[in-house]
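Colleague: Input query-v1.txt, format and content: compact mmCIF, C-alpha atoms.
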```txt
# COMPACT_ATOMS: atom_id res chain seq x y z
CA MET A 14 33.43 28.96 89.35
CA LYS A 15 34.70 25.46 89.02
CA LYS A 16 33.32 24.23 92.28
CA PRO A 17 29.59 24.84 91.66
CA LEU A 18 29.90 23.27 88.23
CA LEU A 19 31.31 20.13 89.75
CA THR A 20 28.41 20.11 92.16
CA ILE A 21 25.98 20.27 89.28
CA VAL A 22 27.66 17.38 87.53
CA GLY A 23 27.55 15.46 90.77
CA THR A 24 23.89 16.23 91.20
CA LEU A 25 23.07 15.14 87.70
CA MET A 26 24.95 11.89 88.13
CA LEU A 27 22.92 11.34 91.27
CA LEU A 28 19.72 12.03 89.36
CA GLN A 29 20.61 9.56 86.68
CA SER A 30 21.32 6.69 89.05
CA PRO A 31 18.38 4.31 89.44
CA PHE A 32 18.40 4.72 93.21
CA ALA A 33 18.06 8.48 93.11
CA MET A 34 14.85 9.10 94.95
CA ALA A 35 16.18 11.79 97.20
CA GLU A 36 16.12 15.49 96.75
CA GLU A 37 19.40 17.26 96.55
CA THR A 38 19.73 20.88 97.50
CA VAL A 39 22.74 22.80 96.30
CA THR A 40 23.64 26.44 96.25
CA ILE A 41 24.86 27.62 92.86
CA SER A 42 24.99 30.74 90.77
CA LEU A 43 22.08 31.84 88.59
CA LYS A 44 24.04 31.10 85.46
CA ASP A 45 24.71 27.56 86.59
CA PHE A 46 21.08 27.18 87.56
CA ASN A 47 19.94 27.98 84.05
CA ALA A 48 22.38 25.46 82.68
CA LEU A 49 21.13 22.87 85.14
CA LYS A 50 17.52 23.58 84.26
CA SER A 51 18.14 23.05 80.58
CA LEU A 52 19.97 19.83 81.36
CA CYS A 53 17.19 18.62 83.63
CA SER A 54 14.54 19.20 81.00
CA SER A 55 16.41 16.85 78.70
CA LEU A 56 16.47 14.21 81.46
CA LYS A 57 13.47 12.00 82.19
CA GLY A 58 12.00 12.44 85.63
CA ALA A 59 14.43 15.09 86.80
CA THR A 60 13.42 18.62 87.63
CA ALA A 61 15.29 21.67 88.76
CA THR A 62 13.37 24.27 90.67
CA MET A 63 14.46 27.48 92.29
CA ALA A 64 13.78 27.79 95.95
CA THR A 65 13.70 30.97 97.98
CA ALA A 66 17.08 32.49 98.22
CA PRO A 67 18.57 32.43 101.69
CA THR A 68 19.25 35.67 103.41
CA ARG A 69 22.53 37.49 103.00
CA THR A 70 23.40 35.71 99.75
CA LYS A 71 22.11 36.73 96.40
CA LYS A 72 22.68 33.34 94.91
CA PRO A 73 19.52 31.35 94.33
CA VAL A 74 19.07 27.97 95.97
CA VAL A 75 18.36 25.17 93.59
CA VAL A 76 16.28 22.20 94.52
CA ALA A 77 16.83 19.45 92.05
CA SER A 78 14.69 16.38 92.51
CA SER A 79 14.11 13.14 90.73
CA LYS A 80 10.87 11.22 90.96
CA ALA A 81 12.37 8.25 89.15
CA ASP A 82 9.03 7.28 87.71
CA THR A 83 10.35 5.08 84.92
CA PRO A 84 9.03 1.56 85.68
CA ASP A 85 12.38 -0.23 85.26
CA ILE A 86 14.11 2.06 87.66
CA GLY A 87 11.33 1.70 90.19
CA LYS A 88 11.55 -2.11 90.16
CA ALA A 89 15.26 -2.12 90.77
CA VAL A 90 14.79 -0.05 93.87
CA LYS A 91 12.20 -2.37 95.35
CA ILE A 92 14.60 -5.27 95.85
CA ALA A 93 15.24 -5.72 99.53
CA SER A 94 18.47 -6.93 101.02
CA LEU A 95 18.52 -9.74 103.56
CA ARG A 96 18.04 -7.08 106.18
CA GLY A 97 14.80 -5.97 104.52
CA PHE A 98 14.07 -2.30 103.92
CA HIS A 99 15.60 -1.26 107.20
CA ALA A 100 17.91 1.66 107.53
CA LEU A 101 21.42 0.77 108.59
CA ASP A 102 21.11 2.59 111.88
CA LYS A 103 17.92 0.70 112.80
CA GLU A 104 17.60 -2.81 114.18
CA ALA A 105 16.78 -5.43 111.58
CA LYS A 106 13.54 -7.36 111.86
CA GLU A 107 13.84 -10.32 114.14
CA ILE A 108 13.75 -13.66 112.46
CA GLU A 109 11.28 -16.14 113.82
CA LYS A 110 13.10 -18.88 115.63
CA LYS A 111 12.65 -22.37 114.30
CA LYS A 112 13.91 -25.51 115.90
CA GLN A 113 15.09 -28.58 114.10
CA PHE A 114 12.18 -30.87 113.57
CA LYS A 115 11.71 -33.95 115.72
CA SER A 116 9.66 -36.97 114.76
CA GLY A 117 9.63 -40.39 116.34
CA ASP A 118 8.61 -42.31 113.24
CA GLY A 119 10.88 -40.67 110.72
CA ILE A 120 9.96 -38.36 107.87
CA LYS A 121 8.29 -39.68 104.76
CA ARG A 122 10.29 -39.61 101.58
CA ASN A 123 9.00 -37.37 98.81
CA TRP A 124 10.34 -39.44 95.97
CA GLU A 125 11.94 -42.78 95.42
CA LEU A 126 15.59 -42.95 96.43
CA GLN A 127 15.43 -39.65 98.27
CA PRO A 128 18.04 -39.69 101.03
CA PRO A 129 15.89 -39.93 104.17
CA SER A 130 15.63 -36.71 106.15
CA ILE A 131 16.91 -36.68 109.70
CA PRO A 132 13.97 -36.68 112.13
CA HIS A 133 15.98 -35.28 115.03
CA SER A 134 18.31 -32.45 115.90
CA ILE A 135 21.94 -32.84 114.87
CA GLU A 136 23.21 -29.80 116.73
CA LYS A 137 25.47 -31.86 118.95
CA ASP A 138 26.75 -34.10 116.18
CA ARG A 139 30.19 -33.58 114.79
CA ILE A 140 31.58 -34.97 111.56
CA THR A 141 35.32 -34.40 111.42
CA LEU A 142 38.49 -36.11 110.30
CA LYS A 143 38.72 -37.73 113.71
CA GLY A 144 35.26 -39.16 113.85
CA ASN A 145 31.62 -39.09 112.96
CA THR A 146 29.26 -38.99 115.91
CA CYS A 147 26.31 -40.08 113.74
CA LEU A 148 27.89 -43.52 113.80
CA LYS A 149 27.40 -43.69 117.56
CA CYS A 150 23.90 -44.93 116.68
CA HIS A 151 23.67 -45.49 112.93
CA SER A 152 26.67 -47.79 112.46
CA LYS A 153 26.35 -51.47 111.73
CA ALA A 154 27.71 -52.29 115.19
CA ASN A 155 25.43 -50.01 117.19
CA HIS A 156 22.16 -49.63 115.33
CA GLU A 157 20.42 -52.62 116.90
CA LYS A 158 21.30 -51.60 120.42
CA GLU A 159 20.30 -48.00 119.76
CA LYS A 160 17.21 -48.96 117.76
CA ALA A 161 18.31 -46.63 114.98
CA PRO A 162 18.16 -47.16 111.21
CA VAL A 163 21.45 -48.29 109.75
CA PHE A 164 23.02 -46.95 106.58
CA SER A 165 22.34 -49.11 103.53
CA LYS A 166 24.71 -51.38 101.65
CA SER A 167 25.27 -48.71 99.01
CA HIS A 168 27.25 -46.77 101.62
CA TYR A 169 30.06 -49.31 101.57
CA ILE A 170 30.84 -48.79 97.90
CA THR A 171 33.63 -46.41 96.95
CA ARG A 172 33.61 -44.28 93.83
CA ASN A 173 35.76 -46.95 92.16
CA MET A 174 32.99 -49.47 92.85
CA LYS A 175 35.11 -51.21 95.43
CA VAL A 176 33.15 -52.64 98.36
CA LEU A 177 34.69 -51.83 101.71
CA ASP A 178 33.94 -53.38 105.08
CA LYS A 179 33.34 -49.93 106.57
CA LEU A 180 31.62 -46.72 105.58
CA SER A 181 32.91 -45.49 102.23
CA PRO A 182 34.72 -42.14 102.37
CA ARG A 183 32.31 -40.63 99.85
CA ARG A 184 29.44 -41.41 102.22
CA TYR A 185 31.22 -40.22 105.33
CA PHE A 186 29.73 -36.74 105.46
CA CYS A 187 26.15 -37.70 106.28
CA ASN A 188 24.67 -34.25 106.10
CA GLN A 189 25.72 -33.79 102.51
CA CYS A 190 22.59 -35.77 101.64
CA HIS A 191 20.70 -36.27 104.88
CA THR A 192 19.45 -33.11 106.46
CA PRO A 193 17.51 -32.21 109.56
CA GLN A 194 14.18 -30.52 108.93
CA ALA A 195 12.50 -27.45 110.37
CA ASP A 196 8.85 -26.52 110.16
CA VAL A 197 9.22 -23.48 107.90
CA ASP A 198 7.69 -22.16 104.71
CA PRO A 199 9.91 -22.65 101.67
CA LEU A 200 11.83 -19.55 100.62
CA VAL A 201 11.00 -20.22 97.00
CA LYS A 202 7.70 -21.64 95.84
CA ASN A 203 8.01 -25.20 94.69
CA SER A 204 5.44 -27.06 92.68
CA PHE A 205 7.25 -30.40 92.80
CA LYS A 206 4.95 -33.37 93.08
CA SER A 207 6.17 -36.86 93.76
CA ASN A 208 5.40 -39.32 91.00
CA THR A 209 5.91 -42.29 93.26
CA ILE A 210 3.65 -43.68 95.92
CA LYS A 211 4.63 -42.17 99.24
CA LEU A 212 6.19 -44.90 101.24
CA ASP A 213 7.02 -45.00 104.86
CA ASN A 214 10.76 -44.80 105.47
CA ARG A 215 11.02 -48.20 107.02
CA LEU A 216 8.93 -49.78 104.30
CA MET A 217 11.21 -48.17 101.78
CA ASP A 218 14.25 -49.67 103.41
CA LYS A 219 12.65 -53.09 103.14
CA VAL A 220 11.99 -52.53 99.46
CA GLU A 221 15.63 -51.62 98.94
CA LYS A 222 16.82 -54.78 100.56
CA MET B 13 62.21 -20.34 200.85
CA MET B 14 64.15 -19.29 197.85
CA GLN B 15 63.70 -22.71 196.24
CA ILE B 16 59.93 -22.64 196.71
CA LYS B 17 59.79 -19.16 195.32
CA ASN B 18 61.85 -20.30 192.34
CA LEU B 19 59.61 -23.31 191.82
CA LYS B 20 56.51 -21.16 191.81
CA SER B 21 57.97 -18.76 189.28
CA CYS B 22 59.09 -21.74 187.23
CA GLN B 23 55.58 -23.15 187.27
CA ARG B 24 54.21 -19.78 186.30
CA MET B 25 56.73 -19.56 183.48
CA ALA B 26 55.90 -23.04 182.27
CA GLY B 27 52.19 -22.31 182.34
CA PHE B 28 52.73 -19.14 180.39
CA PHE B 29 54.97 -20.94 177.92
CA ILE B 30 52.42 -23.71 177.30
CA LYS B 31 49.55 -21.27 176.95
CA SER B 32 51.42 -18.98 174.58
CA THR B 33 52.70 -21.91 172.53
CA LEU B 34 49.17 -23.24 172.20
CA LEU B 35 47.80 -19.86 171.25
CA ILE B 36 50.51 -19.16 168.70
CA GLY B 37 50.23 -22.71 167.40
CA ILE B 38 46.50 -22.39 166.88
CA VAL B 39 46.87 -19.04 165.13
CA ILE B 40 49.68 -20.31 162.90
CA GLY B 41 47.71 -23.50 162.29
CA ILE B 42 44.65 -21.59 161.19
CA ILE B 43 46.72 -19.40 158.91
CA LEU B 44 48.59 -22.35 157.41
CA TRP B 45 45.49 -24.49 156.99
CA GLY B 46 43.51 -21.62 155.56
CA GLY B 47 46.38 -20.65 153.31
CA PHE B 48 46.79 -24.21 152.13
CA ASN B 49 43.13 -24.57 151.26
CA TRP B 50 43.06 -21.13 149.72
CA THR B 51 45.98 -22.04 147.46
CA LEU B 52 44.35 -25.36 146.69
CA GLU B 53 41.17 -23.57 145.68
CA LEU B 54 43.18 -21.21 143.49
CA THR B 55 44.27 -24.24 141.50
CA ASN B 56 40.62 -25.23 141.31
CA THR B 57 39.53 -22.43 139.03
CA GLU B 58 39.04 -22.41 135.30
CA GLN B 59 41.35 -19.41 135.08
CA PHE B 60 44.12 -21.58 136.52
CA CYS B 61 43.36 -24.47 134.16
CA ILE B 62 43.50 -22.37 131.03
CA SER B 63 46.63 -20.57 132.11
CA CYS B 64 48.33 -23.51 130.41
CA HIS B 65 48.08 -23.17 126.65
CA GLU B 66 47.63 -26.95 126.36
CA MET B 67 44.24 -26.63 128.00
CA GLU B 68 43.32 -23.23 126.58
CA GLU B 69 43.97 -24.09 122.94
CA ASN B 70 42.47 -27.53 122.85
CA VAL B 71 39.93 -28.69 125.37
CA TYR B 72 38.74 -25.25 126.44
CA GLN B 73 37.87 -24.33 122.86
CA GLU B 74 36.03 -27.61 122.41
CA LEU B 75 34.01 -27.07 125.57
CA GLN B 76 32.68 -23.86 124.09
CA GLU B 77 30.78 -25.77 121.42
CA THR B 78 28.79 -27.70 123.96
CA VAL B 79 25.75 -27.41 126.17
CA HIS B 80 28.00 -27.33 129.22
CA TRP B 81 29.26 -23.96 128.05
CA SER B 82 26.07 -22.24 126.93
CA ASN B 83 22.44 -23.20 127.19
CA ARG B 84 18.92 -21.90 127.82
CA THR B 85 19.28 -21.24 131.50
CA GLY B 86 22.81 -19.90 131.61
CA VAL B 87 24.12 -22.46 134.08
CA ARG B 88 27.51 -23.68 133.01
CA ALA B 89 30.18 -26.08 134.13
CA THR B 90 33.77 -24.96 134.54
CA CYS B 91 36.76 -27.32 134.18
CA PRO B 92 37.06 -28.25 137.89
CA ASP B 93 33.32 -28.91 138.16
CA CYS B 94 33.85 -32.09 136.16
CA HIS B 95 37.53 -32.83 136.58
CA VAL B 96 38.12 -32.20 140.29
CA PRO B 97 36.12 -33.91 143.04
CA LYS B 98 34.22 -31.61 145.35
CA ASP B 99 34.76 -33.28 148.73
CA TRP B 100 38.09 -32.73 150.43
CA SER B 101 39.54 -36.24 150.68
CA HIS B 102 38.88 -37.14 147.05
CA LYS B 103 40.02 -33.73 145.97
CA ILE B 104 43.36 -34.03 147.76
CA ILE B 105 43.94 -37.48 146.23
CA ARG B 106 43.21 -36.09 142.77
CA LYS B 107 45.49 -33.12 143.43
CA ILE B 108 48.35 -35.43 144.40
CA GLN B 109 47.79 -37.46 141.23
CA ALA B 110 47.89 -34.20 139.30
CA SER B 111 51.60 -33.88 140.06
CA ASN B 112 51.99 -36.26 137.14
CA GLU B 113 50.32 -33.63 134.98
CA ILE B 114 52.84 -31.04 136.16
CA PHE B 115 55.64 -33.45 135.23
CA HIS B 116 54.24 -33.82 131.72
CA LYS B 117 53.71 -30.09 131.48
CA LEU B 118 57.40 -29.61 132.20
CA MET B 119 58.29 -32.37 129.74
CA GLY B 120 56.10 -30.75 127.09
CA THR B 121 54.33 -34.02 126.32
CA ILE B 122 51.29 -32.34 124.81
CA ASP B 123 52.60 -28.86 124.09
CA THR B 124 51.52 -28.74 120.44
CA PRO B 125 48.06 -29.44 118.99
CA LYS B 126 49.57 -32.36 117.08
CA LYS B 127 51.08 -33.89 120.19
CA PHE B 128 47.81 -33.32 122.02
CA GLU B 129 45.95 -35.13 119.29
CA GLU B 130 48.34 -38.06 119.55
CA HIS B 131 47.67 -38.34 123.27
CA ARG B 132 43.97 -37.52 123.14
CA LEU B 133 42.78 -41.10 123.29
CA GLU B 134 45.06 -41.96 126.19
CA LEU B 135 43.99 -38.87 128.11
CA ALA B 136 40.34 -39.58 127.43
CA LEU B 137 40.68 -43.18 128.55
CA HIS B 138 42.23 -42.04 131.85
CA GLU B 139 39.38 -39.65 132.45
CA TRP B 140 36.68 -42.14 131.46
CA LYS B 141 38.21 -44.71 133.79
CA ARG B 142 38.32 -42.20 136.64
CA MET B 143 34.69 -41.29 136.02
CA LYS B 144 33.57 -44.89 135.87
CA ASP B 145 35.47 -45.84 139.03
CA SER B 146 33.86 -43.00 140.96
CA ASN B 147 30.40 -43.80 139.56
CA SER B 148 30.49 -40.48 137.69
CA ARG B 149 30.65 -38.61 140.97
CA GLU B 150 31.36 -35.26 139.36
CA CYS B 151 28.42 -35.54 136.95
CA ARG B 152 26.15 -36.25 139.85
CA ASN B 153 27.13 -33.06 141.63
CA CYS B 154 24.58 -31.52 139.28
CA HIS B 155 22.73 -34.36 137.54
CA GLN B 156 20.83 -36.57 139.92
CA PHE B 157 18.51 -39.39 139.02
CA LYS B 158 16.21 -38.36 141.83
CA SER B 159 15.66 -35.00 140.21
CA MET B 160 15.47 -36.29 136.67
CA ASP B 161 12.00 -35.77 135.18
CA LEU B 162 11.65 -38.39 132.49
CA GLU B 163 8.36 -36.83 131.37
CA LYS B 164 10.29 -33.80 130.21
CA GLN B 165 12.93 -35.78 128.37
CA ASP B 166 12.80 -36.96 124.80
CA GLU B 167 11.15 -40.30 124.40
CA ARG B 168 14.38 -41.99 123.49
CA SER B 169 16.37 -40.52 126.36
CA ALA B 170 13.58 -41.25 128.82
CA LYS B 171 13.43 -44.89 127.77
CA ARG B 172 17.12 -45.35 128.29
CA HIS B 173 17.28 -43.53 131.60
CA ASP B 174 14.19 -45.21 132.98
CA PRO B 175 15.62 -48.47 134.40
CA HIS B 176 18.48 -46.63 136.07
CA VAL B 177 16.20 -44.02 137.60
CA TRP B 178 14.22 -46.84 139.21
CA GLU B 179 17.39 -48.46 140.46
CA ALA B 180 18.33 -45.17 142.06
CA MET B 181 14.85 -44.78 143.56
CA ASP B 182 15.15 -48.24 145.10
CA GLY B 183 18.40 -47.22 146.72
CA LYS B 184 20.55 -49.47 144.56
CA THR B 185 23.64 -48.38 142.70
CA PRO B 186 22.54 -47.90 139.08
CA SER B 187 23.92 -50.65 136.84
CA LYS B 188 25.22 -48.04 134.43
CA THR B 189 27.05 -44.85 135.17
CA CYS B 190 26.82 -41.58 133.23
CA ILE B 191 30.14 -41.93 131.42
CA ASP B 192 29.18 -45.38 130.09
CA CYS B 193 27.03 -43.65 127.49
CA HIS B 194 27.84 -39.93 127.66
CA LYS B 195 31.34 -39.83 126.24
CA GLY B 196 32.59 -36.89 124.24
CA ILE B 197 29.92 -34.54 125.52
CA ALA B 198 32.31 -31.77 126.49
CA HIS B 199 35.36 -32.41 124.32
CA HIS B 200 36.04 -33.92 120.95
CA LEU B 201 36.36 -37.67 120.68
CA ALA B 202 39.65 -39.18 119.63
CA LYS B 203 40.01 -41.26 116.54
CA GLY B 204 39.18 -44.88 117.25
CA TRP B 205 37.71 -44.06 120.65
CA GLU B 206 34.90 -46.57 120.40
CA GLU B 207 37.10 -49.62 119.91
CA ALA B 208 39.54 -48.45 122.57
CA ALA B 209 36.76 -47.84 125.09
CA LYS B 210 35.26 -51.26 124.43
CA LYS B 211 38.65 -52.86 124.85
CA ALA B 212 39.13 -51.09 128.18
CA GLY B 213 35.69 -52.20 129.34
CA LEU B 214 34.39 -48.64 129.43
CA GLN B 215 31.79 -49.10 126.73
CA ASP B 216 29.24 -51.80 125.91
```
Take the structure in the file and write it out as structure tokens.

Modeller:
Amino acid sequence: MKKPLLTIVGTLMLLQSPFAMAEETVTISLKDFNALKSLCSSLKGATATMATAPTRTKKPVVVASSKADTPDIGKAVKIASLRGFHALDKEAKEIEKKKQFKSGDGIKRNWELQPPSIPHSIEKDRITLKGNTCLKCHSKANHEKEKAPVFSKSHYITRNMKVLDKLSPRRYFCNQCHTPQADVDPLVKNSFKSNTIKLDNRLMDKVEK
Amino acid sequence: MMQIKNLKSCQRMAGFFIKSTLLIGIVIGIILWGGFNWTLELTNTEQFCISCHEMEENVYQELQETVHWSNRTGVRATCPDCHVPKDWSHKIIRKIQASNEIFHKLMGTIDTPKKFEEHRLELALHEWKRMKDSNSRECRNCHQFKSMDLEKQDERSAKRHDPHVWEAMDGKTPSKTCIDCHKGIAHHLAKGWEEAAKKAGLQD
């Protein structure tokens, strides 16, 4: 007697959860069914119906279902995971491949003092304790030979406002501010509009100097 | 009569001896030579290189981040492709030099990551020097100026390769060799590599 009752409680808990869209079929006694029916009628969106009894057993089969038609519950269910609405045993939707953006003339800044975006791939670059491969081209010593923009004077200043003769440690990790770009739609809509005149990167550097 | 008979049998014996010695010598020679080269080639595999933890834990892991490990077309370079010359005479010279590496293996000179890091610059400088002296011979086993399509390269790369491609087309030795610019493409660079390379005349 205890077992079917537990099943009913379990079923009801299932019905009450916001994700309960599924139908649950359990086999219980007629007495329990009546109890379940009365409980279901007090619940919103849950119904208990009697299905045809299977052969050999005299116990009725109960089909309890929840439509979960309350708007709040419905909304919660609609949120997709990063995998989308795919079942776990199915392949997830393939993500469109996007390459890091390449541009010969640099990428325009969107606002004044924006750290310039990186107009090339940085896949092969490595910034570690041992070294920073960005400096192969963008250092003071190499930028002329490599025809690459050099980091500005601000990058020599430490957080204690001390001016060093080399790149300041707080500026060492280039991609904390400077990022490569890909031609993709933004994940979140953005209505930002620059309030400054759009300046070419190189022009901007001249202004800074 | 007896003497002549003896002489003839002696001659026959000598002939047989020479022939059999030659035959056995050739067979043994082939086996030894083949065996020697076979063993030499065994030491020319990546599996052999990374059987030492010094290589497996450091440089082999670093290689796996690079284009020489995985790329679009699935062609990859193994350790000996870059670090051991292909032709026999250069290979045997390199292999004799490598006895120094066995010595340091036994001494445990670079047997911890920390020790390896301390020696990284020195090791790199050796390798860069070797590459420069051989005009980046091992790079050119795969990368040849004659087959380099500058149209398909990035603008920046094409511009920098261009003069050297023309030098190669004119049959001159290119004024710059691969390793002059392409350092640290397969393994991490050591701290202070740039200054050290410049000092050693391996970098402009």

Colleague: At a cut-off of 12 Å, can you tabulate as JSON lines every residue of chain A near chain B together with its closest atom pair and the distance in Å to one decimal, using all atoms listed in the file and ordering rows by chain then number?

Modeller:
```
{"residue": "A:Lys115", "atom": "CA", "partner": "B:Asp166", "partner_atom": "CA", "distance": 9.6}
{"residue": "A:Ser116", "atom": "CA", "partner": "B:Glu167", "partner_atom": "CA", "distance": 10.3}
{"residue": "A:Gly117", "atom": "CA", "partner": "B:Glu167", "partner_atom": "CA", "distance": 8.2}
{"residue": "A:Asp118", "atom": "CA", "partner": "B:Glu167", "partner_atom": "CA", "distance": 11.6}
{"residue": "A:His133", "atom": "CA", "partner": "B:Asp166", "partner_atom": "CA", "distance": 10.4}
{"residue": "A:Ser134", "atom": "CA", "partner": "B:Asp166", "partner_atom": "CA", "distance": 11.4}
{"residue": "A:Glu136", "atom": "CA", "partner": "B:Thr78", "partner_atom": "CA", "distance": 9.4}
{"residue": "A:Lys137", "atom": "CA", "partner": "B:Thr78", "partner_atom": "CA", "distance": 7.3}
{"residue": "A:Asp138", "atom": "CA", "partner": "B:Ile197", "partner_atom": "CA", "distance": 9.9}
{"residue": "A:Arg139", "atom": "CA", "partner": "B:His200", "partner_atom": "CA", "distance": 8.5}
{"residue": "A:Ile140", "atom": "CA", "partner": "B:His200", "partner_atom": "CA", "distance": 10.4}
{"residue": "A:Thr141", "atom": "CA", "partner": "B:His200", "partner_atom": "CA", "distance": 9.6}
{"residue": "A:Leu142", "atom": "CA", "partner": "B:Lys203", "partner_atom": "CA", "distance": 8.2}
{"residue": "A:Lys143", "atom": "CA", "partner": "B:Lys203", "partner_atom": "CA", "distance": 4.7}
{"residue": "A:Gly144", "atom": "CA", "partner": "B:Lys203", "partner_atom": "CA", "distance": 5.8}
{"residue": "A:Asn145", "atom": "CA", "partner": "B:Leu201", "partner_atom": "CA", "distance": 9.2}
{"residue": "A:Thr146", "atom": "CA", "partner": "B:Leu201", "partner_atom": "CA", "distance": 8.7}
{"residue": "A:Leu148", "atom": "CA", "partner": "B:Glu206", "partner_atom": "CA", "distance": 10.1}
{"residue": "A:Lys149", "atom": "CA", "partner": "B:Glu206", "partner_atom": "CA", "distance": 8.5}
{"residue": "A:Cys150", "atom": "CA", "partner": "B:Cys193", "partner_atom": "CA", "distance": 11.3}
{"residue": "A:Ser152", "atom": "CA", "partner": "B:Glu206", "partner_atom": "CA", "distance": 11.5}
{"residue": "A:Ala154", "atom": "CA", "partner": "B:Glu206", "partner_atom": "CA", "distance": 10.6}
{"residue": "A:Asn155", "atom": "CA", "partner": "B:Asp216", "partner_atom": "CA", "distance": 9.7}
{"residue": "A:Lys158", "atom": "CA", "partner": "B:Asp216", "partner_atom": "CA", "distance": 9.7}
{"residue": "A:Glu159", "atom": "CA", "partner": "B:Arg168", "partner_atom": "CA", "distance": 9.2}
{"residue": "A:Lys160", "atom": "CA", "partner": "B:Arg168", "partner_atom": "CA", "distance": 9.5}
{"residue": "A:Ala161", "atom": "CA", "partner": "B:Arg168", "partner_atom": "CA", "distance": 10.5}
```

Colleague: So what do you get for atom CA of Arg96 of chain A versus atom CA of Gln189 of chain A, distance-wise?

Modeller: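 Separating atom CA of Arg96 of chain A from atom CA of Gln189 of chain A is a distance of 28.0 Å.
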
Colleague: Work out how far apart atom CA of Ser111 of chain B and atom CA of His194 of chain B are and give it in Å to one decimal.

Modeller: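 Between these atoms lies a distance of 27.5 Å.
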
Colleague: Excluding Phe60 of chain B and any residue of its chain fewer than 6 positions from it, enumerate the residues within 10 Å of it, using all atoms listed in the file, and give them as a PyMOL selection string.

Modeller: chain B and resi 53-54+67+91-92

Colleague: Skip Cys151 of chain B itself and residues of its chain fewer than 6 positions away, then list as a list of chain:residue names all residues within 9 Å of it, counting only C-alpha atoms.

Modeller: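 The filter keeps B:Asp93, B:Cys94, B:Met143, B:Cys190, B:Ile191.
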
Colleague: List the neighbours of segment 190-202 of chain A out to 9 Å using all atoms listed in the file; skip same-chain residues closer than 2 positions along the sequence, and give me the result as JSON, numbers by chain.

Modeller: {"A": [111, 112, 113, 114, 115, 120, 127, 128, 129, 130, 131, 132, 133, 134, 135, 184, 186, 187, 188, 204]}

Colleague: Atom CA of Arg88 of chain B to atom CA of Asp145 of chain B: how many Å, to one decimal?

Modeller: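 Computing the Euclidean distance for atom CA of Arg88 of chain B and atom CA of Asp145 of chain B yields 24.3 Å.
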